[in-house]
Amino acid sequence: MIVPLWLWIATLGGLAVLLALDLVIVDRHPHVVKVGEAARWVVFYVACALVFAGGLWYFAGSAPAGEFIAGYLTEYSLSVDNLFVFVIIMTTFSVPKIHQHRVLLIGVVLALVMRGLFIGVGAVVISQFSAVFYLFGAFLVYTAVQMARSQGQSHDDEYKENLMIRLSRKVLPVTEDYHGSKSFVKHKGRSMVTPMLIVMIAIGTTDLLFALDSIPAIFGLTKEPYLVFAANAFALMGLRQLYFLIGGLLERLVYLPIGLSVLLGFIGLKLILEALHDNELPFLNGGEGLPVWEISTGTSLAVIGGVLAITTVASLIKTHVTAKADSGAGKPTGKAKPEAA
């Protein structure tokens, strides 16, 4: 797929317009984002992603469109796991609810910029060293096994500040209290930053850590940097509203870590098979490719969609049955207790 410079510029411009529209409409009057409002925005961003996929289908063909959709679904599902940590960060920093949307918006912009750099570096490495897919695949399989074993227990109730946050606190003078939605203030004649800026940095840098597995995963679905970036952008932009929509339902997705581990393991296997098919390692089959099965984009879409559907339905059934059993256990039996002799 040949992507001209003007298409990159147009895409970045379109994303900037969407972010500005979101900022003007939602943050012009800071307020607590209700479920109904969040649902409408989620539908809007999903619709934008589908329109983008439709444009790819029309102008570039079904293959790039399919790769984008597979990448978008994978990034979006992996990003849901980020929400657990976002909730903890918001609680740890005691972010006022009326300003949480702005925090997520700026944090996501920071994350998108850093992911863009990460994607650029990854694309260069892949173009120069195709054998890196062996490493990507092995890393994803390892991550899948660790995620399945932990089953979500890695989400600590206490947020541990990363190096970037600790450095920011040392270098920047930070006020003790929030000053509305402001990130910079004059306090006692001194220019200072507020906790609002620190928590934005926390959201952005924490997301970058999650990208360590999601970026290799999407490169396993498409080698085109443009599609990788676009899938990440649409997933991150819709993530903010998803936070307000399902924030209270996250604990019900009990099988999410297992579902995500299956996805990562599947994509890791796909990467390893592709690396074997295009093998350039001189000590393996004389540097020639091996006749192994190649997983098509259609198969990837079917697996991704199926795993996400099964995971969600199974999680909701499990939590419903558990809640019903717990409520039943607390009900009186209706039998009178025998009187003491």
# chains A, B, ... in the order shown; residues from 1 in each chain; ligands from 1
$ closest_atom_pairs --of "stretch 62-112 of chain A" --to "stretch 168-177 of chain A" --cutoff "12 Å" --atoms "only C-alpha atoms" --output "JSON lines"
{"residue": "A:Phe93", "atom": "CA", "partner": "A:Asp177", "partner_atom": "CA", "distance": 10.3}
{"residue": "A:Ser94", "atom": "CA", "partner": "A:Asp177", "partner_atom": "CA", "distance": 10.0}
{"residue": "A:Val95", "atom": "CA", "partner": "A:Asp177", "partner_atom": "CA", "distance": 10.3}
{"residue": "A:Pro96", "atom": "CA", "partner": "A:Asp177", "partner_atom": "CA", "distance": 11.1}
$ residues_around --residues "A:Val228" --least-positions-apart "3" --cutoff "9 Å" --atoms "only C-alpha atoms" --output "PyMOL selection string"
chain A and resi 68+71-72+119+215+218-219+221-225+231-233
$ closest_residue --among "A:Arg102, A:Lys97, A:Lys318, A:Ala123" --to "A:Val32" --atoms "only C-alpha atoms"
A:Lys97
$ closest_residue --among "A:Leu271, A:Leu197, A:Met90, A:Ala65" --to "A:Ala49" --atoms "only C-alpha atoms"
A:Ala65
$ closest_residue --among "A:Pro4, A:Ala217, A:Ala10, A:Trp41" --to "A:Phe133" --atoms "only C-alpha atoms"
A:Ala217
$ select_by_dssp --residues "stretch 78-179 of chain A" --states "alpha helix (DSSP H)" --output "ChimeraX atom specification"
/A:78-92,100-128,132-150,163-171
$ residues_around --residues "A:Arg240" --least-positions-apart "4" --cutoff "8 Å" --atoms "only C-alpha atoms" --output "list in words"
His101, Leu104, Leu105, Val108, Leu236 and Phe244 of chain A
$ closest_residue --among "A:Thr194, A:Gln146, A:Ser77, A:Lys186" --to "A:Thr311" --atoms "only C-alpha atoms"
A:Ser77
$ residues_around --residues "A:Ile304" --least-positions-apart "2" --cutoff "8 Å" --atoms "only C-alpha atoms" --output "ChimeraX atom specification"
/A:70,73-74,263,300-302,306-308
$ closest_residue --among "A:Asn279, A:Gln241, A:Gln100, A:Thr312" --to "A:Val42" --atoms "only C-alpha atoms"
A:Gln241
$ closest_residue --among "A:Met114, A:Val51, A:Val17, A:Val132" --to "A:Glu280" --atoms "only C-alpha atoms"
A:Val132
